[in-house]
Amino acid sequence: MNRHIDLNADLGEGGAFDRELLTVVSSANISCGAHAGSEQDIRQAIRWAIENGVVIGAHPSYPDREHWGRRSMTLSAEQLRDTVMAQLQWLERQVNELGGELHHIKPHGALYNDAAGDAQLARQIARCVKDFDPSLILVGLANSQLLTEGKQAGLKVAAEAFVDRRYRVDGTLVPRSQAQAMIEDTTEALAQSMALIHGSPINVLDGHMISIKADTLCLHGDSAHALAFATALRTALLSQGIHILALANNQFA
């Protein structure tokens, strides 16, 4: 069983609970502005992360604010590289101006999900990250192509699992377009969180059970119950002697 775990949240997207969540999580994936969040939202999330000692990661996406970055897009390799690199460079400037530094990169939404199963897209993202800053940790869905290609590129990678999302039997996430994609019940989400940390199997939609090994757990910050659940999870972890610690490069040496 893990005696420590990283908790991360996707922030700087204009959500209502950024400030409070940044007192709970250990890592923040900050929007790069291509899918959501104003410059003010993003810079404020960065400030709060720094104030709370939360490590900062970039959260690049398809350039698609209309659909919150949750729609797959067909981009050429050059177009993908241009948008990802521009997003990373822009966010790094904001972080550096406010006295912080980037620690990791986690793609957002459809870009994240597409790269989980598409080796070519995953390879393109991994190359972007390596060219941008090879010291950064690449975060992706556990057992995904993104992690495989990240390792092949020589990057440090971290496997992510979701505490409030349901899975399919192949280890991919149930699409948000489906009614049962999100776990709304706090008790159920807590049970899934503890199973992930303990290395126990979790239930999937078709009645099967799967095991997922994760380095970091994601808490979504855009749901009405986000803060209540995050607080309950932190309390549950600490009561069992499980420490909440950000990912560190030396974990993956």
# chains A, B, ... in the order shown; residues from 1 in each chain; ligands from 1
>>> select_by_dssp(residues="stretch 54-208 of chain A", states="strand (DSSP E)", output="ChimeraX atom specification")
/A:55-59,102-105,137-141,156-162,202-203
>>> residues_around(residues="A:Leu102", least_positions_apart="6", cutoff="12 Å", atoms="only C-alpha atoms", output="short mmCIF file (atom, residue, chain, number, x, y, z; two decimals) with C-alpha atoms, in the first residue's frame")
data_model
loop_
_atom_site.label_atom_id
_atom_site.label_comp_id
_atom_site.auth_asym_id
_atom_site.auth_seq_id
_atom_site.Cartn_x
_atom_site.Cartn_y
_atom_site.Cartn_z
CA SER A 27 -0.25 19.58 -7.25
CA ALA A 28 -2.15 22.02 -9.46
CA ASN A 29 -2.58 21.67 -13.20
CA ILE A 30 -3.11 25.24 -14.35
CA ILE A 46 -0.82 30.50 -9.66
CA ALA A 49 -0.66 27.68 -5.44
CA ILE A 50 2.59 29.43 -4.54
CA VAL A 54 1.45 23.51 -4.12
CA VAL A 55 3.57 22.53 -7.11
CA ILE A 56 2.45 23.93 -10.45
CA GLY A 57 1.97 22.06 -13.71
CA ALA A 58 0.83 23.15 -17.16
CA HIS A 59 -2.54 21.92 -18.45
CA LEU A 88 3.47 26.05 -22.42
CA GLN A 89 5.57 29.12 -23.13
CA TRP A 90 2.73 31.46 -22.19
CA LEU A 91 1.99 29.70 -18.91
CA GLU A 92 5.66 29.50 -17.98
CA ARG A 93 5.91 33.26 -18.37
CA GLN A 94 2.98 33.79 -16.02
CA VAL A 95 4.39 31.35 -13.46
CA ASN A 96 7.88 32.83 -13.58
CA VAL A 129 7.44 18.26 -23.65
CA PHE A 132 10.21 22.43 -24.05
CA ASP A 133 11.82 21.16 -20.84
CA PRO A 134 12.97 17.54 -20.46
CA SER A 135 13.11 17.87 -16.66
CA LEU A 136 9.33 18.17 -16.37
CA ILE A 137 7.21 15.17 -15.32
CA LEU A 138 4.62 14.10 -17.90
#
>>> select_by_dssp(residues="stretch 96-215 of chain A", states="helix (DSSP H, G or I)", output="VMD selection string")
chain A and resid 96 to 97 109 to 117 119 to 132 145 to 152 186 to 198
>>> closest_residue(among="A:Leu196, A:Leu11, A:Ala161, A:Ala115", to="A:Ser144", atoms="only C-alpha atoms")
A:Ala115
>>> residues_around(residues="stretch 73-81 of chain A", least_positions_apart="4", cutoff="12 Å", atoms="only C-alpha atoms", output="PyMOL selection string")
chain A and resi 60-64+67+69+85-89+109-115+120-132
>>> atom_distance(atom1="atom CA of A:His243", atom2="atom CA of A:His198")
13.2 Å
>>> closest_atom_pairs(of="stretch 134-159 of chain A", to="stretch 199-212 of chain A", cutoff="12 Å", atoms="only C-alpha atoms", output="Markdown table")
| residue | atom | partner | partner_atom | distance |
| --- | --- | --- | --- | --- |
| A:Leu141 | CA | A:Ile212 | CA | 9.9 |
| A:Ala142 | CA | A:Ile212 | CA | 6.9 |
| A:Asn143 | CA | A:Ile212 | CA | 8.1 |
| A:Ser144 | CA | A:Ile212 | CA | 11.3 |
| A:Ala159 | CA | A:Ile212 | CA | 9.1 |
>>> write_last_selection(atoms="C-alpha atoms", output="PDB file, in the first residue's frame")
ATOM      1  CA  LEU A 141      -3.720   8.143 -17.645  1.00  0.00           C
ATOM      2  CA  ALA A 142      -2.351   5.006 -16.007  1.00  0.00           C
ATOM      3  CA  ASN A 143      -1.355   2.324 -18.550  1.00  0.00           C
ATOM      4  CA  SER A 144      -1.827   4.738 -21.456  1.00  0.00           C
ATOM      5  CA  ALA A 159       0.457   7.497 -13.813  1.00  0.00           C
TER       6      ALA A 159
END
>>> closest_residue(among="A:Asp118, A:Leu227, A:Arg43, A:Gln180", to="A:Tyr167", atoms="only C-alpha atoms")
A:Gln180
>>> residues_around(residues="A:Ala9", least_positions_apart="2", cutoff="12 Å", atoms="only C-alpha atoms", output="PyMOL selection string")
chain A and resi 6-7+11-13+15+17-31+45+49+54-59+106+108+160-164+216-223+226-227+230+246
>>> write_last_selection(atoms="N, CA and C atoms", output="CSV table (one decimal), in the first residue's frame")
chain,number,residue,atom,x,y,z
A,6,ASP,N,0.1,11.7,-4.2
A,6,ASP,CA,-0.1,13.1,-4.7
A,6,ASP,C,-1.6,13.3,-5.1
A,7,LEU,N,-2.1,14.4,-4.7
A,7,LEU,CA,-3.5,14.8,-5.1
A,7,LEU,C,-3.4,16.0,-6.0
A,11,LEU,N,-7.0,23.5,-12.3
A,11,LEU,CA,-7.4,24.8,-11.8
A,11,LEU,C,-7.1,25.9,-12.8
A,12,GLY,N,-7.5,27.1,-12.4
A,12,GLY,CA,-7.3,28.3,-13.3
A,12,GLY,C,-8.3,28.3,-14.4
A,13,GLU,N,-9.4,27.6,-14.3
A,13,GLU,CA,-10.4,27.4,-15.3
A,13,GLU,C,-11.7,28.3,-15.0
A,15,GLY,N,-13.2,28.2,-12.1
A,15,GLY,CA,-14.0,27.5,-11.1
A,15,GLY,C,-14.2,28.2,-9.8
A,17,PHE,N,-13.9,27.1,-6.7
A,17,PHE,CA,-13.2,26.6,-5.5
A,17,PHE,C,-11.7,26.5,-5.5
A,18,ASP,N,-11.1,27.3,-6.5
A,18,ASP,CA,-9.7,27.2,-6.7
A,18,ASP,C,-8.9,27.5,-5.4
A,19,ARG,N,-9.3,28.5,-4.7
A,19,ARG,CA,-8.5,28.9,-3.5
A,19,ARG,C,-8.6,27.9,-2.4
A,20,GLU,N,-9.8,27.3,-2.2
A,20,GLU,CA,-10.0,26.3,-1.2
A,20,GLU,C,-9.3,25.0,-1.5
A,21,LEU,N,-9.4,24.6,-2.8
A,21,LEU,CA,-8.8,23.3,-3.2
A,21,LEU,C,-7.3,23.4,-3.1
A,22,LEU,N,-6.7,24.6,-3.2
A,22,LEU,CA,-5.3,24.7,-3.1
A,22,LEU,C,-4.8,24.6,-1.7
A,23,THR,N,-5.7,24.5,-0.7
A,23,THR,CA,-5.3,24.1,0.6
A,23,THR,C,-5.4,22.6,0.9
A,24,VAL,N,-5.9,21.9,-0.1
A,24,VAL,CA,-6.1,20.4,0.0
A,24,VAL,C,-5.1,19.6,-0.8
A,25,VAL,N,-4.9,20.0,-2.1
A,25,VAL,CA,-4.1,19.3,-3.0
A,25,VAL,C,-2.6,19.6,-2.9
A,26,SER,N,-1.8,18.7,-3.5
A,26,SER,CA,-0.4,18.9,-3.5
A,26,SER,C,0.2,19.4,-4.8
A,27,SER,N,-0.6,19.2,-5.9
A,27,SER,CA,-0.3,19.6,-7.2
A,27,SER,C,-1.4,20.3,-7.9
A,28,ALA,N,-1.1,21.3,-8.7
A,28,ALA,CA,-2.1,22.0,-9.5
A,28,ALA,C,-1.8,22.0,-10.9
A,29,ASN,N,-2.7,21.6,-11.8
A,29,ASN,CA,-2.6,21.7,-13.2
A,29,ASN,C,-3.3,22.9,-13.7
A,30,ILE,N,-2.5,23.9,-14.1
A,30,ILE,CA,-3.1,25.2,-14.4
A,30,ILE,C,-3.4,25.4,-15.8
A,31,SER,N,-4.6,25.8,-16.1
A,31,SER,CA,-5.0,26.0,-17.5
A,31,SER,C,-4.0,27.0,-18.2
A,45,ALA,N,-4.8,31.7,-9.7
A,45,ALA,CA,-4.6,30.3,-9.3
A,45,ALA,C,-3.1,30.0,-9.0
A,49,ALA,N,-1.5,28.9,-5.5
A,49,ALA,CA,-0.7,27.7,-5.4
A,49,ALA,C,0.7,28.0,-4.8
A,54,VAL,N,1.9,24.5,-3.2
A,54,VAL,CA,1.4,23.5,-4.1
A,54,VAL,C,2.3,23.6,-5.4
A,55,VAL,N,2.8,22.5,-5.9
A,55,VAL,CA,3.6,22.5,-7.1
A,55,VAL,C,2.7,22.8,-8.3
A,56,ILE,N,3.2,23.5,-9.3
A,56,ILE,CA,2.4,23.9,-10.5
A,56,ILE,C,2.8,23.2,-11.7
A,57,GLY,N,1.8,22.7,-12.4
A,57,GLY,CA,2.0,22.1,-13.7
A,57,GLY,C,1.2,22.8,-14.8
A,58,ALA,N,1.6,22.6,-16.0
A,58,ALA,CA,0.8,23.1,-17.2
A,58,ALA,C,-0.2,22.2,-17.6
A,59,HIS,N,-1.4,22.7,-18.1
A,59,HIS,CA,-2.5,21.9,-18.5
A,59,HIS,C,-3.0,22.3,-19.9
A,106,LYS,N,0.4,18.1,-17.7
A,106,LYS,CA,-0.7,17.1,-17.9
A,106,LYS,C,-1.7,17.7,-18.9
A,108,HIS,N,-5.0,18.3,-21.2
A,108,HIS,CA,-6.4,18.4,-20.7
A,108,HIS,C,-7.4,17.8,-21.6
A,160,GLU,N,-1.7,8.5,-13.6
A,160,GLU,CA,-2.8,9.2,-12.9
A,160,GLU,C,-4.1,8.3,-12.9
A,161,ALA,N,-4.8,8.4,-11.8
A,161,ALA,CA,-6.1,7.8,-11.7
A,161,ALA,C,-7.1,8.8,-11.2
A,162,PHE,N,-8.4,8.6,-11.4
A,162,PHE,CA,-9.4,9.5,-11.1
A,162,PHE,C,-10.3,9.0,-10.0
A,163,VAL,N,-10.5,9.8,-9.0
A,163,VAL,CA,-11.3,9.4,-7.8
A,163,VAL,C,-12.8,9.6,-8.0
A,164,ASP,N,-13.2,10.5,-9.0
A,164,ASP,CA,-14.6,10.8,-9.2
A,164,ASP,C,-15.0,10.5,-10.6
A,216,THR,N,-0.6,9.5,-8.8
A,216,THR,CA,-1.3,10.7,-8.5
A,216,THR,C,-2.8,10.5,-8.7
A,217,LEU,N,-3.6,11.1,-7.9
A,217,LEU,CA,-5.0,11.0,-8.0
A,217,LEU,C,-5.6,12.4,-8.3
A,218,CYS,N,-6.5,12.4,-9.3
A,218,CYS,CA,-7.1,13.7,-9.7
A,218,CYS,C,-8.4,14.0,-9.0
A,219,LEU,N,-8.6,15.2,-8.5
A,219,LEU,CA,-9.8,15.7,-8.0
A,219,LEU,C,-10.3,16.7,-9.0
A,220,HIS,N,-11.5,16.6,-9.5
A,220,HIS,CA,-12.1,17.6,-10.4
A,220,HIS,C,-12.5,18.8,-9.6
A,221,GLY,N,-12.2,20.0,-10.0
A,221,GLY,CA,-12.6,21.2,-9.3
A,221,GLY,C,-13.8,21.9,-9.9
A,222,ASP,N,-14.4,21.3,-10.9
A,222,ASP,CA,-15.5,22.0,-11.6
A,222,ASP,C,-16.9,21.4,-11.3
A,223,SER,N,-17.0,20.6,-10.2
A,223,SER,CA,-18.3,20.1,-9.8
A,223,SER,C,-18.8,20.8,-8.6
A,226,ALA,N,-17.1,19.5,-5.3
A,226,ALA,CA,-15.7,19.3,-5.4
A,226,ALA,C,-15.0,19.6,-4.1
A,227,LEU,N,-15.3,20.7,-3.4
A,227,LEU,CA,-14.6,21.1,-2.2
A,227,LEU,C,-15.0,20.1,-1.1
A,230,ALA,N,-13.2,16.9,-1.7
A,230,ALA,CA,-11.7,17.0,-1.5
A,230,ALA,C,-11.4,17.1,0.0
A,246,ALA,N,3.5,15.9,-3.1
A,246,ALA,CA,3.6,16.2,-4.5
A,246,ALA,C,4.6,15.2,-5.1
>>> residues_around(residues="stretch 236-239 of chain A", least_positions_apart="2", cutoff="10 Å", atoms="only C-alpha atoms", output="CSV table (one decimal) with N, CA and C atoms, in the first residue's frame")
chain,number,residue,atom,x,y,z
A,3,ARG,N,2.0,4.7,1.2
A,3,ARG,CA,1.9,5.5,2.4
A,3,ARG,C,1.9,7.0,2.1
A,4,HIS,N,2.0,7.3,0.9
A,4,HIS,CA,1.9,8.7,0.5
A,4,HIS,C,1.3,8.7,-0.9
A,5,ILE,N,0.6,9.8,-1.3
A,5,ILE,CA,0.0,10.0,-2.6
A,5,ILE,C,0.0,11.4,-3.0
A,190,LEU,N,-15.0,8.1,-2.2
A,190,LEU,CA,-14.0,7.8,-1.2
A,190,LEU,C,-13.6,6.4,-1.3
A,193,SER,N,-11.2,6.0,-4.1
A,193,SER,CA,-9.9,6.6,-3.8
A,193,SER,C,-9.1,5.6,-2.9
A,194,MET,N,-9.7,5.1,-1.9
A,194,MET,CA,-9.0,4.2,-1.0
A,194,MET,C,-8.5,2.9,-1.7
A,197,ILE,N,-5.4,3.7,-3.8
A,197,ILE,CA,-4.3,3.9,-2.9
A,197,ILE,C,-3.8,2.6,-2.4
A,230,ALA,N,-13.2,16.9,-1.7
A,230,ALA,CA,-11.7,17.0,-1.5
A,230,ALA,C,-11.4,17.1,0.0
A,231,THR,N,-12.2,17.8,0.8
A,231,THR,CA,-11.9,17.9,2.2
A,231,THR,C,-12.1,16.6,2.9
A,232,ALA,N,-13.2,15.8,2.5
A,232,ALA,CA,-13.4,14.5,3.1
A,232,ALA,C,-12.3,13.5,2.8
A,233,LEU,N,-11.8,13.6,1.5
A,233,LEU,CA,-10.7,12.7,1.1
A,233,LEU,C,-9.5,13.0,1.9
A,234,ARG,N,-9.1,14.3,2.0
A,234,ARG,CA,-7.9,14.6,2.8
A,234,ARG,C,-8.0,14.1,4.2
A,241,GLY,N,-3.0,7.6,8.1
A,241,GLY,CA,-1.5,7.8,8.1
A,241,GLY,C,-1.0,7.9,6.7
A,242,ILE,N,-1.8,8.2,5.7
A,242,ILE,CA,-1.3,8.4,4.3
A,242,ILE,C,-1.0,9.8,4.1
A,243,HIS,N,0.2,10.1,3.7
A,243,HIS,CA,0.6,11.5,3.6
A,243,HIS,C,0.3,12.0,2.1
A,244,ILE,N,0.0,13.3,2.0
A,244,ILE,CA,-0.3,13.9,0.7
A,244,ILE,C,1.0,14.6,0.3
